[in-house]
>>> print(open('query02.cif').read())   # mmCIF, C-alpha atoms
data_coords
loop_
_atom_site.group_PDB
_atom_site.id
_atom_site.type_symbol
_atom_site.label_atom_id
_atom_site.label_comp_id
_atom_site.auth_asym_id
_atom_site.auth_seq_id
_atom_site.Cartn_x
_atom_site.Cartn_y
_atom_site.Cartn_z
ATOM 1 C CA MET K 227 4.804 -19.780 -27.596
ATOM 2 C CA ALA K 228 6.235 -19.026 -24.169
ATOM 3 C CA GLY K 229 4.487 -16.628 -21.874
ATOM 4 C CA ALA K 230 0.883 -15.693 -21.451
ATOM 5 C CA GLN K 231 -1.178 -13.466 -23.721
ATOM 6 C CA ALA K 232 -2.108 -11.287 -20.786
ATOM 7 C CA ASP K 233 -0.582 -11.178 -17.361
ATOM 8 C CA THR K 234 -0.133 -8.966 -14.344
ATOM 9 C CA PHE K 235 3.150 -7.375 -13.294
ATOM 10 C CA PHE K 236 3.159 -8.796 -9.765
ATOM 11 C CA GLY K 237 6.354 -10.784 -9.155
ATOM 12 C CA ALA K 238 8.474 -8.681 -11.507
ATOM 13 C CA SER K 239 11.773 -7.233 -10.355
ATOM 14 C CA VAL K 240 14.181 -4.463 -11.324
ATOM 15 C CA THR K 241 17.888 -4.826 -10.620
ATOM 16 C CA PHE K 242 20.683 -2.288 -10.868
ATOM 17 C CA GLY K 243 23.911 -4.107 -11.760
ATOM 18 C CA THR K 244 26.441 -1.858 -10.058
ATOM 19 C CA SER K 245 24.866 0.032 -7.224
ATOM 20 C CA GLY K 246 22.100 -2.297 -6.144
ATOM 21 C CA PHE K 247 18.654 -1.020 -5.280
ATOM 22 C CA SER K 248 16.943 -2.169 -2.134
ATOM 23 C CA TYR K 249 13.707 -0.184 -2.248
ATOM 24 C CA ASN K 250 10.349 -1.858 -2.618
ATOM 25 C CA ILE K 251 9.040 -1.130 -6.085
ATOM 26 C CA VAL K 252 5.296 -0.768 -6.538
ATOM 27 C CA GLY K 253 5.130 0.175 -10.198
ATOM 28 C CA VAL K 254 7.236 0.501 -13.321
ATOM 29 C CA ASN K 255 6.712 2.456 -16.507
ATOM 30 C CA ILE K 256 9.321 1.007 -18.845
ATOM 31 C CA GLY K 257 9.258 4.111 -21.039
ATOM 32 C CA SER K 258 8.286 4.847 -24.576
ATOM 33 C CA LEU K 259 10.126 4.357 -27.872
ATOM 34 C CA GLU K 260 9.656 7.155 -30.323
ATOM 35 C CA THR K 261 10.935 8.097 -33.744
ATOM 36 C CA PRO K 262 10.085 11.381 -35.424
ATOM 37 C CA ALA K 263 7.817 11.597 -38.446
ATOM 38 C CA LEU K 264 9.667 13.644 -41.095
ATOM 39 C CA GLU K 265 7.325 15.436 -43.442
ATOM 40 C CA THR K 266 8.083 15.029 -47.142
ATOM 41 C CA THR K 267 5.157 16.922 -48.572
ATOM 42 C CA HIS K 268 6.187 19.256 -51.419
ATOM 43 C CA ILE K 269 4.535 21.657 -53.835
ATOM 44 C CA ALA K 270 3.993 18.919 -56.379
ATOM 45 C CA SER K 271 2.379 16.565 -53.897
ATOM 46 C CA THR K 272 -0.829 15.212 -55.223
ATOM 47 C CA ALA K 273 -4.120 16.201 -53.755
ATOM 48 C CA ALA K 274 -6.184 13.626 -51.963
ATOM 49 C CA GLY K 275 -8.276 11.637 -54.383
ATOM 50 C CA VAL K 276 -11.967 11.016 -54.267
ATOM 51 C CA GLY K 277 -12.746 8.993 -51.181
ATOM 52 C CA GLN K 278 -9.356 9.740 -49.622
ATOM 53 C CA GLU K 279 -8.489 11.891 -46.599
ATOM 54 C CA GLY K 280 -5.304 13.934 -46.181
ATOM 55 C CA ASN K 281 -2.424 14.258 -48.604
ATOM 56 C CA ALA K 282 0.624 15.130 -46.459
ATOM 57 C CA THR K 283 3.404 12.565 -46.737
ATOM 58 C CA TYR K 284 5.961 11.431 -44.169
ATOM 59 C CA ILE K 285 8.942 9.155 -43.704
ATOM 60 C CA PRO K 286 10.159 7.767 -40.366
ATOM 61 C CA GLY K 287 13.294 9.219 -38.831
ATOM 62 C CA ASP K 288 16.424 7.138 -38.407
ATOM 63 C CA ILE K 289 16.721 7.752 -34.686
ATOM 64 C CA VAL K 290 14.577 5.936 -32.130
ATOM 65 C CA ARG K 291 14.583 7.708 -28.791
ATOM 66 C CA HIS K 292 13.965 6.193 -25.372
ATOM 67 C CA GLY K 293 11.421 7.951 -23.235
ATOM 68 C CA PRO K 294 12.244 8.019 -19.516
ATOM 69 C CA MET K 295 11.649 4.883 -17.482
ATOM 70 C CA THR K 296 10.075 5.506 -14.078
ATOM 71 C CA LEU K 297 9.902 3.383 -10.953
ATOM 72 C CA ARG K 298 7.450 4.117 -8.174
ATOM 73 C CA ILE K 299 8.872 3.045 -4.828
ATOM 74 C CA HIS K 300 7.985 2.875 -1.164
ATOM 75 C CA TRP K 301 10.262 5.552 0.222
ATOM 76 C CA ASN K 302 12.294 4.488 3.245
ATOM 77 C CA PRO K 303 14.759 7.109 4.501
ATOM 78 C CA SER K 304 16.762 4.413 6.295
ATOM 79 C CA LEU K 305 17.748 2.627 3.098
ATOM 80 C CA GLY K 306 20.718 3.474 0.889
ATOM 81 C CA VAL K 307 21.085 6.549 -1.248
ATOM 82 C CA ILE K 308 19.509 6.616 -4.680
ATOM 83 C CA PRO K 309 22.309 5.990 -7.225
ATOM 84 C CA ILE K 310 21.844 9.129 -9.287
ATOM 85 C CA GLY K 311 24.134 9.466 -12.293
ATOM 86 C CA VAL K 312 25.725 5.996 -12.105
ATOM 87 C CA VAL K 313 25.649 4.377 -15.536
ATOM 88 C CA GLN K 314 25.034 0.661 -15.109
ATOM 89 C CA THR K 315 23.232 -2.363 -16.458
ATOM 90 C CA ILE K 316 19.572 -2.364 -15.491
ATOM 91 C CA THR K 317 17.365 -5.414 -15.832
ATOM 92 C CA ILE K 318 13.585 -5.608 -15.668
ATOM 93 C CA THR K 319 12.617 -9.229 -15.161
ATOM 94 C CA TYR K 320 8.988 -10.039 -15.830
ATOM 95 C CA PRO K 321 7.015 -12.522 -13.726
ATOM 96 C CA LEU K 322 7.753 -16.144 -14.534
ATOM 97 C CA VAL K 323 4.685 -17.620 -16.152
ATOM 98 C CA THR K 324 3.597 -21.151 -15.259
ATOM 99 C CA GLY K 325 5.060 -23.535 -17.817
ATOM 100 C CA ASP K 326 8.035 -21.342 -18.692
ATOM 101 C CA SER K 327 11.561 -22.140 -17.526
ATOM 102 C CA THR K 328 12.947 -18.618 -17.805
ATOM 103 C CA ALA K 329 11.179 -15.285 -17.477
ATOM 104 C CA ALA K 330 11.159 -12.584 -20.119
ATOM 105 C CA TYR K 331 13.302 -9.555 -19.428
ATOM 106 C CA HIS K 332 14.411 -6.168 -20.647
ATOM 107 C CA GLN K 333 18.062 -5.271 -20.151
ATOM 108 C CA GLY K 334 20.294 -2.409 -21.068
ATOM 109 C CA SER K 335 22.405 0.457 -19.878
ATOM 110 C CA GLY K 336 21.045 3.484 -18.089
ATOM 111 C CA PHE K 337 21.339 5.783 -15.140
ATOM 112 C CA VAL K 338 19.056 7.355 -12.581
ATOM 113 C CA SER K 339 18.441 10.889 -13.778
ATOM 114 C CA ALA K 340 15.956 12.032 -11.154
ATOM 115 C CA PHE K 341 14.590 11.156 -7.748
ATOM 116 C CA THR K 342 11.258 12.810 -7.000
ATOM 117 C CA PRO K 343 9.586 12.199 -3.631
ATOM 118 C CA ASP K 344 5.827 12.445 -3.573
ATOM 119 C CA GLU K 345 4.219 14.593 -0.919
ATOM 120 C CA PHE K 346 4.544 12.824 2.407
ATOM 121 C CA ALA K 347 0.976 13.022 3.597
ATOM 122 C CA LEU K 348 -0.369 12.554 7.089
ATOM 123 C CA ASP K 349 -2.287 9.398 6.342
ATOM 124 C CA ALA K 350 -0.559 7.689 3.424
ATOM 125 C CA VAL K 351 2.428 5.507 2.637
ATOM 126 C CA MET K 352 5.558 7.476 1.738
ATOM 127 C CA THR K 353 6.324 7.015 -1.958
ATOM 128 C CA ALA K 354 8.721 8.462 -4.502
ATOM 129 C CA GLN K 355 9.470 8.252 -8.180
ATOM 130 C CA VAL K 356 12.838 7.290 -9.634
ATOM 131 C CA THR K 357 13.485 8.284 -13.249
ATOM 132 C CA VAL K 358 15.917 6.296 -15.370
ATOM 133 C CA GLN K 359 17.440 7.498 -18.626
ATOM 134 C CA LYS K 360 18.423 4.672 -20.949
ATOM 135 C CA THR K 361 21.779 5.261 -22.592
ATOM 136 C CA GLY K 362 21.562 3.026 -25.620
ATOM 137 C CA PRO K 363 19.780 0.055 -27.154
ATOM 138 C CA TRP K 364 18.008 -2.280 -24.752
ATOM 139 C CA ALA K 365 17.557 -6.001 -25.271
ATOM 140 C CA LYS K 366 14.088 -7.466 -25.091
ATOM 141 C CA VAL K 367 14.408 -11.166 -24.345
ATOM 142 C CA ALA K 368 11.413 -13.459 -24.500
ATOM 143 C CA ALA K 369 10.560 -16.103 -21.962
ATOM 144 C CA THR K 370 11.497 -19.689 -22.785
ATOM 145 C CA MET P 280 -8.166 -10.458 14.271
ATOM 146 C CA SER P 281 -5.125 -9.284 16.179
ATOM 147 C CA ILE P 282 -5.620 -5.582 15.441
ATOM 148 C CA GLU P 283 -9.119 -5.777 16.896
ATOM 149 C CA THR P 284 -7.834 -7.553 19.982
ATOM 150 C CA ALA P 285 -5.113 -4.935 20.315
ATOM 151 C CA LEU P 286 -7.734 -2.188 20.157
ATOM 152 C CA TRP P 287 -9.833 -3.911 22.812
ATOM 153 C CA ARG P 288 -6.878 -4.229 25.163
ATOM 154 C CA TYR P 289 -5.728 -0.659 24.515
ATOM 155 C CA LEU P 290 -9.160 0.742 25.369
ATOM 156 C CA LEU P 291 -9.429 -1.490 28.437
ATOM 157 C CA GLU P 292 -6.066 -0.244 29.719
ATOM 158 C CA GLN P 293 -6.931 3.432 29.384
ATOM 159 C CA PRO P 294 -8.039 4.629 32.854
ATOM 160 C CA SER P 295 -10.107 7.419 31.316
ATOM 161 C CA VAL P 296 -12.048 4.846 29.281
ATOM 162 C CA SER P 297 -12.398 2.154 31.921
ATOM 163 C CA GLY P 298 -13.448 4.850 34.356
ATOM 164 C CA LEU P 299 -16.581 5.315 32.237
ATOM 165 C CA VAL P 300 -17.352 1.805 30.951
ATOM 166 C CA ALA P 301 -15.361 -0.484 33.295
ATOM 167 C CA ASP P 302 -14.742 -3.662 31.251
ATOM 168 C CA ARG P 303 -17.874 -3.324 29.116
ATOM 169 C CA ILE P 304 -16.063 -3.307 25.780
ATOM 170 C CA TYR P 305 -17.466 -5.861 23.365
ATOM 171 C CA ARG P 306 -16.579 -7.042 19.900
ATOM 172 C CA GLU P 307 -19.312 -6.279 17.353
ATOM 173 C CA ALA P 308 -22.211 -6.377 19.841
ATOM 174 C CA ALA P 309 -23.007 -6.545 23.513
ATOM 175 C CA PRO P 310 -23.609 -10.065 24.798
ATOM 176 C CA THR P 311 -27.205 -11.172 24.442
ATOM 177 C CA ASP P 312 -27.229 -13.581 27.342
ATOM 178 C CA ARG P 313 -27.484 -10.709 29.781
ATOM 179 C CA ALA P 314 -28.455 -7.099 29.497
ATOM 180 C CA ALA P 315 -25.337 -4.974 29.229
ATOM 181 C CA ALA P 316 -25.156 -2.087 31.627
ATOM 182 C CA PHE P 317 -24.746 1.379 30.170
ATOM 183 C CA PRO P 318 -22.609 2.940 29.006
ATOM 184 C CA TYR P 319 -20.637 0.410 27.008
ATOM 185 C CA LEU P 320 -18.490 0.226 23.885
ATOM 186 C CA THR P 321 -18.572 -2.056 20.892
ATOM 187 C CA TYR P 322 -15.859 -2.278 18.291
ATOM 188 C CA GLY P 323 -15.299 -3.952 14.963
ATOM 189 C CA GLN P 324 -13.305 -3.909 11.764
ATOM 190 C CA THR P 325 -15.015 -2.656 8.620
ATOM 191 C CA GLY P 326 -12.253 -2.989 6.069
ATOM 192 C CA GLU P 327 -8.580 -3.592 5.499
ATOM 193 C CA SER P 328 -6.093 -2.655 2.745
ATOM 194 C CA PRO P 329 -2.730 -4.436 2.929
ATOM 195 C CA GLU P 330 0.069 -2.566 1.139
ATOM 196 C CA HIS P 331 1.952 -4.539 -1.516
ATOM 197 C CA HIS P 332 4.979 -4.106 -3.751
ATOM 198 C CA LEU P 333 6.124 -6.145 -6.743
ATOM 199 C CA GLN P 334 7.520 -8.943 -4.582
ATOM 200 C CA GLY P 335 4.703 -9.296 -2.085
ATOM 201 C CA PHE P 336 3.236 -7.909 1.115
ATOM 202 C CA ALA P 337 4.983 -4.765 2.341
ATOM 203 C CA GLY P 338 4.169 -5.507 5.982
ATOM 204 C CA LEU P 339 2.032 -2.399 6.341
ATOM 205 C CA THR P 340 -1.750 -2.385 6.462
ATOM 206 C CA GLN P 341 -4.374 0.318 6.543
ATOM 207 C CA THR P 342 -7.515 -0.710 8.312
ATOM 208 C CA ARG P 343 -10.817 0.822 9.292
ATOM 209 C CA LEU P 344 -12.163 0.188 12.763
ATOM 210 C CA VAL P 345 -15.380 1.447 14.263
ATOM 211 C CA VAL P 346 -15.949 2.065 17.958
ATOM 212 C CA ASP P 347 -19.501 2.699 19.075
ATOM 213 C CA ALA P 348 -20.411 4.245 22.399
ATOM 214 C CA TRP P 349 -23.857 3.205 23.684
ATOM 215 C CA CYS P 350 -25.240 5.442 26.401
ATOM 216 C CA GLU P 351 -28.410 6.246 28.295
ATOM 217 C CA THR P 352 -27.895 10.012 28.240
ATOM 218 C CA THR P 353 -26.366 12.581 25.973
ATOM 219 C CA GLN P 354 -24.032 13.583 28.809
ATOM 220 C CA GLN P 355 -22.661 10.036 28.993
ATOM 221 C CA ARG P 356 -22.291 9.932 25.224
ATOM 222 C CA ASP P 357 -20.478 13.252 24.987
ATOM 223 C CA ALA P 358 -18.115 12.373 27.822
ATOM 224 C CA LEU P 359 -17.270 9.005 26.309
ATOM 225 C CA ALA P 360 -16.819 10.473 22.841
ATOM 226 C CA ALA P 361 -14.503 13.169 24.154
ATOM 227 C CA THR P 362 -12.459 10.547 25.983
ATOM 228 C CA LEU P 363 -12.149 8.369 22.888
ATOM 229 C CA GLN P 364 -11.224 11.371 20.775
ATOM 230 C CA GLN P 365 -8.443 12.082 23.241
ATOM 231 C CA VAL P 366 -6.990 8.579 23.659
ATOM 232 C CA MET P 367 -7.177 7.190 20.125
ATOM 233 C CA PRO P 368 -4.511 9.400 18.469
ATOM 234 C CA SER P 369 -2.093 8.258 21.208
ATOM 235 C CA TRP P 370 -2.474 4.609 20.228
ATOM 236 C CA ALA P 371 0.959 3.770 18.812
ATOM 237 C CA GLY P 372 3.825 1.376 19.188
ATOM 238 C CA THR P 373 4.269 -2.369 19.477
ATOM 239 C CA GLN P 374 1.294 -4.209 20.890
ATOM 240 C CA ARG P 375 1.319 -7.584 22.618
ATOM 241 C CA GLU P 376 -0.841 -8.974 19.823
ATOM 242 C CA GLY P 377 2.094 -8.850 17.381
ATOM 243 C CA VAL P 378 1.285 -5.630 15.584
ATOM 244 C CA THR P 379 2.876 -2.203 15.704
ATOM 245 C CA VAL P 380 0.406 0.636 15.417
ATOM 246 C CA ARG P 381 1.870 3.452 13.319
ATOM 247 C CA SER P 382 -1.013 5.900 13.448
ATOM 248 C CA ALA P 383 -4.606 6.064 14.601
ATOM 249 C CA PHE P 384 -6.947 8.822 13.495
ATOM 250 C CA VAL P 385 -10.553 9.471 14.320
ATOM 251 C CA VAL P 386 -11.781 10.423 10.868
ATOM 252 C CA GLU P 387 -15.497 10.755 11.535
ATOM 253 C CA GLN P 388 -18.000 10.807 14.377
ATOM 254 C CA ILE P 389 -21.694 10.229 13.894
ATOM 255 C CA ASP P 390 -24.455 10.521 16.487
ATOM 256 C CA SER P 391 -27.567 8.398 16.434
ATOM 257 C CA PHE P 392 -30.576 7.896 18.635
ATOM 258 C CA VAL P 393 -32.034 4.434 18.939
ATOM 259 C CA PRO P 394 -35.736 4.782 19.842
ATOM 260 C CA PRO P 395 -37.109 2.690 22.686
ATOM 261 C CA THR P 396 -38.886 -0.538 21.815
ATOM 262 C CA ASP P 397 -40.579 -1.105 25.165
ATOM 263 C CA GLY P 398 -43.099 1.719 25.040
ATOM 264 C CA SER P 399 -41.052 3.908 27.346
ATOM 265 C CA GLU P 400 -39.387 7.162 26.382
ATOM 266 C CA ARG P 401 -35.876 5.962 27.182
ATOM 267 C CA GLY P 402 -33.895 5.343 24.038
ATOM 268 C CA ILE P 403 -30.197 4.816 23.534
ATOM 269 C CA TYR P 404 -27.745 7.504 22.533
ATOM 270 C CA GLN P 405 -25.021 6.270 20.229
ATOM 271 C CA ARG P 406 -21.760 7.857 19.056
ATOM 272 C CA SER P 407 -19.986 6.011 16.253
ATOM 273 C CA LEU P 408 -16.289 6.764 15.749
ATOM 274 C CA ASP P 409 -14.690 5.780 12.455
ATOM 275 C CA LEU P 410 -10.968 5.073 12.956
ATOM 276 C CA ASP P 411 -8.303 5.009 10.254
ATOM 277 C CA ILE P 412 -5.419 2.836 11.463
ATOM 278 C CA TRP P 413 -2.040 2.047 9.911
ATOM 279 C CA TYR P 414 -0.239 -0.896 11.474
ATOM 280 C CA ARG P 415 2.745 -3.077 10.783
ATOM 281 C CA ASP P 416 2.987 -6.812 11.406
ATOM 282 C CA THR P 417 5.840 -7.459 13.813
#
>>> encode(input="query02.cif", output="structure tokens")
Amino acid sequence: MAGAQADTFFGASVTFGTSGFSYNIVGVNIGSLETPALETTHIASTAAGVGQEGNATYIPGDIVRHGPMTLRIHWNPSLGVIPIGVVQTITITYPLVTGDSTAAYHQGSGFVSAFTPDEFALDAVMTAQVTVQKTGPWAKVAAT
Amino acid sequence: MSIETALWRYLLEQPSVSGLVADRIYREAAPTDRAAAFPYLTYGQTGESPEHHLQGFAGLTQTRLVVDAWCETTQQRDALAATLQQVMPSWAGTQREGVTVRSAFVVEQIDSFVPPTDGSERGIYQRSLDLDIWYRDT
């Protein structure tokens, strides 16, 4: 199997297909995937049996929602504007693991929905958070 | 370490500092081959935190430096400490050692008294200044 069982994120990259993105990225939260739990309990539902706990019943929803993806960056006011609202292909390429010929990656469509600077403190590096909303299914491609 | 050398040269080139210690500014400790005249300064690096991003070193480093003033009297110590407190925040810009100092803060000052070891009553008055420095490799 390609890839390592556990690895660090150092060496990863995030590219924005249309606008480019030249900021140094120090952290990425790729975002959650969530589907609702639809309750199906009804008045004839059976009570929990001896040795059982809980008797509510559920089915999964049909819709899987993307949680927001966030990038933490070193803020540099001299670099280009943050491409807010530009729908484009975004690729998260994971670090290439020794022995693999291609790195794993996530890729899909999305847009920057928020740019949130952190407090610029007297004695700290200037950082900011960029929030990305995914606009549809994303591909998850394994390393080879 | 280039940031330490840059600090040494900066202190040496400050007339208000050299007016008190001349060129008696030593790395880590005063030379042992001869008794150092008072007052004098020692300096050293106590830690360093390079800033990184996903692709590597960001070129910016936070470092801790300590400058100690060693004096025969409290008057000497207070004068030297006040001078250092005044000149250190002005340390900025590109240095000949290949670093650019972005900021220099005196974050803590601690006084100590080193008791005499020769049976006399003349000890050494010490002021230790803890410096928080951000610098960029140029």
>>> axis_aligned_box(input="query02.cif", around="segment 360-377 of chain P", padding_each_side="6 Å", output="lines of an AutoDock Vina configuration file")
center_x = -6.3
center_y = 2.1
center_z = 21.7
size_x = 33.1
size_y = 34.1
size_z = 20.6
>>> residues_around(input="query02.cif", residues="segment 350-367 of chain P", least_positions_apart="6", cutoff="9 Å", atoms="only C-alpha atoms", output="list in words")
Leu290, Gln293, Ser295, Val296, Leu299, Val300, Phe317, Pro318, Tyr319, Leu320, Ala383, Phe384, Val385, Gln388, Arg401, Gly402, Ile403, Tyr404, Gln405, Arg406, Ser407, Leu408 and Leu410 of chain P
>>> closest_residue(input="query02.cif", among="P:Asp409, P:Trp349, P:Phe336, P:Asp416", to="Ala316 of chain P", atoms="all atoms listed in the file")
P:Trp349
>>> resolve_selection(input="query02.cif", expression="the PyMOL selection byres ((chain K) within 9 of (chain P))", output="number ranges by chain")
K: 235-239, 250-253, 299-300, 349-351
>>> residues_around(input="query02.cif", residues="segment 277-283 of chain K", least_positions_apart="5", cutoff="6 Å", atoms="all atoms listed in the file", output="list in words")
Glu265, Thr266 and Thr267 of chain K
>>> write_last_selection(input="query02.cif", atoms="C-alpha atoms", output="PDB file, keeping the file's coordinate frame")
ATOM      1  CA  GLU K 265       7.325  15.436 -43.442  1.00  0.00           C
ATOM      2  CA  THR K 266       8.083  15.029 -47.142  1.00  0.00           C
ATOM      3  CA  THR K 267       5.157  16.922 -48.572  1.00  0.00           C
TER       4      THR K 267
END
>>> closest_residue(input="query02.cif", among="K:Thr261, K:Ser271, K:Ser248, K:Gln333", to="Gln314 of chain K", atoms="all atoms listed in the file")
K:Gln333
>>> atom_distance(input="query02.cif", atom1="atom CA of Thr244 of chain K", atom2="atom CA of Ala340 of chain K")
17.4 Å
>>> atom_distance(input="query02.cif", atom1="atom CA of Gly323 of chain P", atom2="atom CA of Ile304 of chain P")
10.9 Å
